[in-house]
Amino acid sequence: MDPRDELLTLDNQLCFAIVTAARNVVSIYRPVLEPLGLTHPQYLVMLALWEQAPRSLGELADELAMEPATLSPLIKRLETQGLVARARRQDDERVLEITLTGDGVRLRARARAVPEQIMARVGMDVAQVAALRDALAPFAGRRSGHPAGSAPAAPAADLSP
């Protein structure tokens with residue numbers, strides 16, 4: 001067997017490992033997020049809003065690497081749950097602005113336990129999670145206007161509850 005053929009086995013494919021891991025990550029988060037009433041994509045939206053709110057739909061879509069048309073139904077569900085509010089910007093009616101409600105702000109306190117629970121479920125500590133996250137940076141694409149691999153890494157402390 002040509003040694004280069006070994007590189008073509010499914011188990012040696014980085015793309016397969018990442019796709020499989022992505023599916024599994026969502027299933028690991030599911031039981032942790034259910035008590036908060038959030039799906040994994042909704043959790044990501046809330047994380048972005050807890051960092052900075054209000055934000056326009058377009059800003060959120062960019063931050064989360066999602067299309068606005070995909071993000072919009074998530075925002076509507078979060079609004080129905082009473083966690084966010086949508087309104088047109090006063091100075092530019094074309095811009096839909098998303099802000100946290102009081103319930104959305106208060107949910108953050110309960111969400112502080114999520115990273116610790118996830119680390120316990122996967123048997124990793126903050127440093128290991130940070131190293132894995134940073135190792136994936138070249139494959140993560142653009143985030144906040146930074147080309148792949150050039151976004152500044154968040155400090156490991158961001159992962160702790």
# chains A, B, ... in the order shown; residues from 1 in each chain; ligands from 1
call {"tool": "residues_around", "arguments": {"residues": "stretch 28-44 of chain A", "least_positions_apart": "4", "cutoff": "10 Å", "atoms": "only C-alpha atoms", "output": "JSON, numbers by chain"}}
result
{"A": [22, 23, 24, 48, 49, 50, 60, 63, 64, 71, 74, 75, 77, 78, 81, 107, 108, 110, 111, 113, 114, 115, 117, 118, 121, 122]}
call {"tool": "write_last_selection", "arguments": {"atoms": "C-alpha atoms", "output": "short mmCIF file (atom, residue, chain, number, x, y, z; two decimals), in the first residue's frame"}}
result
data_model
loop_
_atom_site.label_atom_id
_atom_site.label_comp_id
_atom_site.auth_asym_id
_atom_site.auth_seq_id
_atom_site.Cartn_x
_atom_site.Cartn_y
_atom_site.Cartn_z
CA ALA A 22 -19.21 19.56 16.09
CA ARG A 23 -22.23 17.25 16.14
CA ASN A 24 -21.13 15.73 19.43
CA ALA A 48 -22.94 37.45 22.12
CA LEU A 49 -25.60 39.70 23.64
CA TRP A 50 -24.22 39.25 27.16
CA LEU A 60 -24.99 39.57 15.55
CA GLU A 63 -20.27 37.82 15.14
CA LEU A 64 -21.91 34.38 15.03
CA LEU A 71 -30.50 34.12 12.77
CA LEU A 74 -33.68 32.29 16.54
CA ILE A 75 -34.12 35.90 17.66
CA ARG A 77 -37.96 32.52 19.51
CA LEU A 78 -35.80 34.25 22.12
CA GLN A 81 -39.37 33.46 25.54
CA LEU A 107 -30.39 34.35 32.76
CA ARG A 108 -26.67 35.12 32.53
CA ARG A 110 -27.64 30.82 35.70
CA ALA A 111 -25.56 30.38 32.53
CA ALA A 113 -22.46 27.24 35.43
CA VAL A 114 -22.54 26.04 31.80
CA PRO A 115 -18.78 26.07 31.03
CA GLN A 117 -20.63 21.57 33.52
CA ILE A 118 -19.37 21.09 29.97
CA ARG A 121 -18.81 16.18 31.00
CA VAL A 122 -15.81 15.99 28.68
#
call {"tool": "residues_around", "arguments": {"residues": "A:Leu57", "least_positions_apart": "3", "cutoff": "7 Å", "atoms": "only C-alpha atoms", "output": "PDB file with C-alpha atoms, in the first residue's frame"}}
result
ATOM      1  CA  LEU A  60     -24.987  39.571  15.551  1.00  0.00           C
ATOM      2  CA  ALA A  61     -25.005  37.596  12.305  1.00  0.00           C
ATOM      3  CA  PRO A  68     -29.302  37.078   9.015  1.00  0.00           C
ATOM      4  CA  LEU A  96     -33.251  45.900  13.470  1.00  0.00           C
ATOM      5  CA  GLU A  97     -31.707  46.197  16.918  1.00  0.00           C
ATOM      6  CA  ILE A  98     -31.676  43.334  19.415  1.00  0.00           C
TER       7      ILE A  98
END
call {"tool": "atom_distance", "arguments": {"atom1": "atom CA of A:Met66", "atom2": "atom CA of A:Arg112"}}
result
24.2 Å
call {"tool": "select_by_dssp", "arguments": {"residues": "stretch 6-142 of chain A", "states": "helix (DSSP H, G or I)", "output": "MDAnalysis selection string"}}
result
chainID A and resid 6 10:12 14:36 40:51 57:64 68:80 102:111 114:122 126:139
call {"tool": "write_last_selection", "arguments": {"atoms": "C-alpha atoms", "output": "mmCIF file, in the first residue's frame"}}
result
data_model
loop_
_atom_site.group_PDB
_atom_site.id
_atom_site.type_symbol
_atom_site.label_atom_id
_atom_site.label_comp_id
_atom_site.auth_asym_id
_atom_site.auth_seq_id
_atom_site.Cartn_x
_atom_site.Cartn_y
_atom_site.Cartn_z
ATOM 1 C CA GLU A 6 -2.952 6.076 4.550
ATOM 2 C CA LEU A 10 -11.568 8.320 6.873
ATOM 3 C CA ASP A 11 -10.109 8.142 10.367
ATOM 4 C CA ASN A 12 -7.139 10.250 9.270
ATOM 5 C CA LEU A 14 -9.276 16.298 9.867
ATOM 6 C CA CYS A 15 -12.535 17.349 8.240
ATOM 7 C CA PHE A 16 -14.259 14.176 9.461
ATOM 8 C CA ALA A 17 -12.953 14.642 13.012
ATOM 9 C CA ILE A 18 -14.144 18.267 13.111
ATOM 10 C CA VAL A 19 -17.608 17.526 11.671
ATOM 11 C CA THR A 20 -18.097 14.619 14.066
ATOM 12 C CA ALA A 21 -16.866 16.693 17.006
ATOM 13 C CA ALA A 22 -19.206 19.563 16.087
ATOM 14 C CA ARG A 23 -22.228 17.250 16.142
ATOM 15 C CA ASN A 24 -21.126 15.730 19.431
ATOM 16 C CA VAL A 25 -20.493 19.120 21.049
ATOM 17 C CA VAL A 26 -24.096 20.120 20.419
ATOM 18 C CA SER A 27 -25.330 16.879 21.992
ATOM 19 C CA ILE A 28 -23.064 17.440 25.027
ATOM 20 C CA TYR A 29 -24.464 20.958 25.507
ATOM 21 C CA ARG A 30 -28.126 19.949 25.033
ATOM 22 C CA PRO A 31 -28.853 18.571 28.544
ATOM 23 C CA VAL A 32 -26.900 21.418 30.168
ATOM 24 C CA LEU A 33 -28.821 24.096 28.252
ATOM 25 C CA GLU A 34 -32.295 22.529 28.540
ATOM 26 C CA PRO A 35 -32.824 23.758 32.124
ATOM 27 C CA LEU A 36 -32.062 27.275 30.865
ATOM 28 C CA HIS A 40 -27.213 25.571 21.454
ATOM 29 C CA PRO A 41 -27.708 28.246 18.733
ATOM 30 C CA GLN A 42 -29.826 30.329 21.132
ATOM 31 C CA TYR A 43 -27.091 30.018 23.753
ATOM 32 C CA LEU A 44 -24.567 31.406 21.266
ATOM 33 C CA VAL A 45 -26.860 34.369 20.559
ATOM 34 C CA MET A 46 -27.233 35.024 24.276
ATOM 35 C CA LEU A 47 -23.464 34.809 24.805
ATOM 36 C CA ALA A 48 -22.940 37.447 22.115
ATOM 37 C CA LEU A 49 -25.601 39.699 23.636
ATOM 38 C CA TRP A 50 -24.217 39.254 27.160
ATOM 39 C CA GLU A 51 -20.901 40.530 25.799
ATOM 40 C CA LEU A 57 -29.212 41.811 13.574
ATOM 41 C CA GLY A 58 -26.396 42.235 11.046
ATOM 42 C CA GLU A 59 -23.771 42.697 13.762
ATOM 43 C CA LEU A 60 -24.987 39.571 15.551
ATOM 44 C CA ALA A 61 -25.005 37.596 12.305
ATOM 45 C CA ASP A 62 -21.409 38.639 11.610
ATOM 46 C CA GLU A 63 -20.268 37.815 15.139
ATOM 47 C CA LEU A 64 -21.908 34.383 15.028
ATOM 48 C CA PRO A 68 -29.302 37.078 9.015
ATOM 49 C CA ALA A 69 -32.088 34.950 7.507
ATOM 50 C CA THR A 70 -30.955 32.003 9.656
ATOM 51 C CA LEU A 71 -30.498 34.124 12.770
ATOM 52 C CA SER A 72 -33.832 35.939 12.542
ATOM 53 C CA PRO A 73 -36.016 32.945 13.582
ATOM 54 C CA LEU A 74 -33.684 32.292 16.541
ATOM 55 C CA ILE A 75 -34.118 35.897 17.658
ATOM 56 C CA LYS A 76 -37.904 35.634 17.284
ATOM 57 C CA ARG A 77 -37.962 32.520 19.506
ATOM 58 C CA LEU A 78 -35.804 34.252 22.119
ATOM 59 C CA GLU A 79 -38.212 37.200 21.984
ATOM 60 C CA THR A 80 -41.175 34.859 22.490
ATOM 61 C CA GLY A 102 -34.515 41.902 32.249
ATOM 62 C CA ASP A 103 -35.087 38.143 32.076
ATOM 63 C CA GLY A 104 -32.333 37.860 29.473
ATOM 64 C CA VAL A 105 -29.902 39.733 31.697
ATOM 65 C CA ARG A 106 -30.849 37.592 34.723
ATOM 66 C CA LEU A 107 -30.392 34.346 32.757
ATOM 67 C CA ARG A 108 -26.675 35.115 32.531
ATOM 68 C CA ALA A 109 -26.239 34.328 36.235
ATOM 69 C CA ARG A 110 -27.643 30.823 35.699
ATOM 70 C CA ALA A 111 -25.564 30.375 32.529
ATOM 71 C CA VAL A 114 -22.535 26.039 31.805
ATOM 72 C CA PRO A 115 -18.776 26.069 31.034
ATOM 73 C CA GLU A 116 -17.953 24.194 34.237
ATOM 74 C CA GLN A 117 -20.628 21.575 33.523
ATOM 75 C CA ILE A 118 -19.374 21.088 29.966
ATOM 76 C CA MET A 119 -15.776 20.706 31.133
ATOM 77 C CA ALA A 120 -16.898 18.105 33.681
ATOM 78 C CA ARG A 121 -18.814 16.183 31.002
ATOM 79 C CA VAL A 122 -15.807 15.993 28.680
ATOM 80 C CA VAL A 126 -9.958 25.324 31.459
ATOM 81 C CA ALA A 127 -6.423 25.132 30.048
ATOM 82 C CA GLN A 128 -7.207 22.046 27.950
ATOM 83 C CA VAL A 129 -10.388 23.599 26.553
ATOM 84 C CA ALA A 130 -8.535 26.825 25.745
ATOM 85 C CA ALA A 131 -5.742 24.903 23.996
ATOM 86 C CA LEU A 132 -8.267 22.963 21.899
ATOM 87 C CA ARG A 133 -10.199 26.137 21.035
ATOM 88 C CA ASP A 134 -6.976 27.896 20.024
ATOM 89 C CA ALA A 135 -5.834 24.900 17.954
ATOM 90 C CA LEU A 136 -9.086 25.110 15.974
ATOM 91 C CA ALA A 137 -8.659 28.826 15.220
ATOM 92 C CA PRO A 138 -7.128 28.286 11.734
ATOM 93 C CA PHE A 139 -10.258 26.355 10.743
#
call {"tool": "decode", "arguments": {"residues": "stretch 98-151 of chain A", "atoms": "C-alpha atoms", "output": "PDB file, in the first residue's frame"}}
result
ATOM      1  CA  ILE A  98     -31.676  43.334  19.415  1.00  0.00           C
ATOM      2  CA  THR A  99     -31.426  44.003  23.136  1.00  0.00           C
ATOM      3  CA  LEU A 100     -31.697  41.930  26.282  1.00  0.00           C
ATOM      4  CA  THR A 101     -34.757  42.068  28.478  1.00  0.00           C
ATOM      5  CA  GLY A 102     -34.515  41.902  32.249  1.00  0.00           C
ATOM      6  CA  ASP A 103     -35.087  38.143  32.076  1.00  0.00           C
ATOM      7  CA  GLY A 104     -32.333  37.860  29.473  1.00  0.00           C
ATOM      8  CA  VAL A 105     -29.902  39.733  31.697  1.00  0.00           C
ATOM      9  CA  ARG A 106     -30.849  37.592  34.723  1.00  0.00           C
ATOM     10  CA  LEU A 107     -30.392  34.346  32.757  1.00  0.00           C
ATOM     11  CA  ARG A 108     -26.675  35.115  32.531  1.00  0.00           C
ATOM     12  CA  ALA A 109     -26.239  34.328  36.235  1.00  0.00           C
ATOM     13  CA  ARG A 110     -27.643  30.823  35.699  1.00  0.00           C
ATOM     14  CA  ALA A 111     -25.564  30.375  32.529  1.00  0.00           C
ATOM     15  CA  ARG A 112     -22.333  30.930  34.464  1.00  0.00           C
ATOM     16  CA  ALA A 113     -22.461  27.244  35.431  1.00  0.00           C
ATOM     17  CA  VAL A 114     -22.535  26.039  31.805  1.00  0.00           C
ATOM     18  CA  PRO A 115     -18.776  26.069  31.034  1.00  0.00           C
ATOM     19  CA  GLU A 116     -17.953  24.194  34.237  1.00  0.00           C
ATOM     20  CA  GLN A 117     -20.628  21.575  33.523  1.00  0.00           C
ATOM     21  CA  ILE A 118     -19.374  21.088  29.966  1.00  0.00           C
ATOM     22  CA  MET A 119     -15.776  20.706  31.133  1.00  0.00           C
ATOM     23  CA  ALA A 120     -16.898  18.105  33.681  1.00  0.00           C
ATOM     24  CA  ARG A 121     -18.814  16.183  31.002  1.00  0.00           C
ATOM     25  CA  VAL A 122     -15.807  15.993  28.680  1.00  0.00           C
ATOM     26  CA  GLY A 123     -13.183  15.564  31.399  1.00  0.00           C
ATOM     27  CA  MET A 124     -11.183  18.653  30.490  1.00  0.00           C
ATOM     28  CA  ASP A 125     -10.014  21.658  32.480  1.00  0.00           C
ATOM     29  CA  VAL A 126      -9.958  25.324  31.459  1.00  0.00           C
ATOM     30  CA  ALA A 127      -6.423  25.132  30.048  1.00  0.00           C
ATOM     31  CA  GLN A 128      -7.207  22.046  27.950  1.00  0.00           C
ATOM     32  CA  VAL A 129     -10.388  23.599  26.553  1.00  0.00           C
ATOM     33  CA  ALA A 130      -8.535  26.825  25.745  1.00  0.00           C
ATOM     34  CA  ALA A 131      -5.742  24.903  23.996  1.00  0.00           C
ATOM     35  CA  LEU A 132      -8.267  22.963  21.899  1.00  0.00           C
ATOM     36  CA  ARG A 133     -10.199  26.137  21.035  1.00  0.00           C
ATOM     37  CA  ASP A 134      -6.976  27.896  20.024  1.00  0.00           C
ATOM     38  CA  ALA A 135      -5.834  24.900  17.954  1.00  0.00           C
ATOM     39  CA  LEU A 136      -9.086  25.110  15.974  1.00  0.00           C
ATOM     40  CA  ALA A 137      -8.659  28.826  15.220  1.00  0.00           C
ATOM     41  CA  PRO A 138      -7.128  28.286  11.734  1.00  0.00           C
ATOM     42  CA  PHE A 139     -10.258  26.355  10.743  1.00  0.00           C
ATOM     43  CA  ALA A 140     -12.826  28.657  12.333  1.00  0.00           C
ATOM     44  CA  GLY A 141     -12.987  31.206   9.529  1.00  0.00           C
ATOM     45  CA  ARG A 142     -13.608  34.892   9.981  1.00  0.00           C
ATOM     46  CA  ARG A 143     -14.767  36.238  13.322  1.00  0.00           C
ATOM     47  CA  SER A 144     -15.235  39.906  14.131  1.00  0.00           C
ATOM     48  CA  GLY A 145     -13.505  40.960  10.936  1.00  0.00           C
ATOM     49  CA  HIS A 146     -10.311  38.988  11.590  1.00  0.00           C
ATOM     50  CA  PRO A 147      -9.065  36.614   8.890  1.00  0.00           C
ATOM     51  CA  ALA A 148      -8.881  32.940   9.815  1.00  0.00           C
ATOM     52  CA  GLY A 149      -6.229  32.313  12.401  1.00  0.00           C
ATOM     53  CA  SER A 150      -5.581  35.987  13.196  1.00  0.00           C
ATOM     54  CA  ALA A 151      -8.368  36.667  15.690  1.00  0.00           C
TER      55      ALA A 151
END
